[in-house]
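Let me begin by presenting the structure, written as structure tokens, before commenting on it.
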Amino acid sequence: MASFAREVAYRIFAQELRDTTLVLERDLEDAYAPQYVVAPTGAKVNRVFVVGTLTDKEDIGTDAEYWRARISDPTGTFFVYAGQYQPDATRVIADAEVPSFLAVVGKVGVYTTEDGNIMTSIRPETITVVDAETRDRWVLETARQTLDRIKELEAESSPSIEMVKEHYSLDTEQYREMAISALESMR
């Protein structure tokens with residue numbers, strides 16, 4: 001029986017995901033090769049785990065259901081798109097009340113707009129309605145992991161240090177402040 005290992009689902013705040021513009025080239029010979037991005041704090045990301053408040057949802061499909069959901073954490077908004085290939089996630093979005101807390105595990109989608117801006121979104125694998133305590137634990141752990149990644153970058157022990165230095169302005173202070181601000185928002 002063949003087995004495969006799933007990629008780690010990184011905890012990442014909305015602001016950092018929105019700022020992520022470093023897209024690694026995909027192995028074109030492998031149709032199933034994962035797409036990676038490198039975040040400003042050095043995480044090499046294919047999948048994410050996010051939790052936030054569903055603030056808006058809309059069925060933007062023309063022939064079939066295709067939902068766009070806006071899920072906000074203390075730092076900004078994630079855009080989640082689900083349709084016929086994610087039937088369980090689509091159903092959760094369609095049935096969820098605005099506002100409610102949602103936990104999402106999914107793949108990062110990256111596209112470039114006509115004017116050259118890079119936009120990120122999440123294609124969900126799973127979505128679950130959660131409570132405020134779960135959301136607060138996610139904020140706490142995501143802040144800890146973000147600060148740990150910053151520490152690795154500053155110590156130059158991150159495997160992504162060279163890519164981050166070349167692509168981003170290695171100004172980690174804004175992400176440190178982002179994590180601290182997210183923690184303070186829970187008071």
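Please note that chains go A, B, ... in the order of the structure tokens, that every chain numbers its residues from 1, and that ligands are numbered from 1 in the order shown.
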
Spatial neighbours of Val8 of chain A, 9 Å, only C-alpha atoms, chain gap at least 4 places, as a ChimeraX atom specification: /A:45-48

Within 7 Å of Val104 of chain A using only C-alpha atoms, minus same-chain residues under 2 positions, as a list in words: Phe49, Val50, Val51, Leu102, Gly106, Pro124, Thr126, Ile127 and Thr128 of chain A

Tyr85 of chain A environment, 10 Å, only C-alpha atoms, sequence neighbours closer than 2 positions dropped, as a list of chain:residue names: A:Tyr66, A:Ala82, A:Gly83, A:Pro87, A:Asp88, A:Ala89, A:Thr90, A:Arg123, A:Pro124, A:Glu125

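Atom CA of Asp73 of chain A sits 20.4 Å away from atom CA of Asp95 of chain A.
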
Separation of atom CA of Ala96 of chain A from atom CA of Ser72 of chain A, in Å and rounded to one decimal: 14.5 Å

Counting only C-alpha atoms, the residue of A:Thr55, A:Ser100, A:Thr120, A:Gln86 that sits nearest Thr21 of chain A: A:Thr120

Residues of segment 19-165 of chain A in strand (DSSP E or B), written as a ChimeraX atom specification: /A:22-23,37-38,44-45,47-59,67-73,76-82,101-112,118-130

Residue contacts of segment 143-157 of chain A (7 Å, only C-alpha atoms) excluding same-chain residues fewer than 6 positions away, as a PyMOL selection string: chain A and resi 41-42+172+176+179

Using the selection just defined, write its residues with N, CA and C atoms as a CSV table (one decimal), in the first residue's frame.
chain,number,residue,atom,x,y,z
A,41,THR,N,8.8,35.8,7.3
A,41,THR,CA,9.5,35.3,8.5
A,41,THR,C,10.3,34.0,8.2
A,42,GLY,N,10.3,33.6,6.9
A,42,GLY,CA,11.2,32.5,6.6
A,42,GLY,C,10.5,31.1,6.4
A,172,THR,N,12.4,42.5,10.3
A,172,THR,CA,11.5,41.6,11.1
A,172,THR,C,10.7,42.3,12.2
A,176,ARG,N,7.3,41.2,14.3
A,176,ARG,CA,7.4,41.1,15.8
A,176,ARG,C,6.2,41.9,16.4
A,179,ALA,N,2.8,40.3,15.8
A,179,ALA,CA,2.5,39.2,16.7
A,179,ALA,C,2.2,39.7,18.1

Arg137 of chain A environment, 12 Å, only C-alpha atoms, sequence neighbours closer than 4 positions dropped, as a PyMOL selection string: chain A and resi 11+50-52+103+130-133+141-144+182-183+186
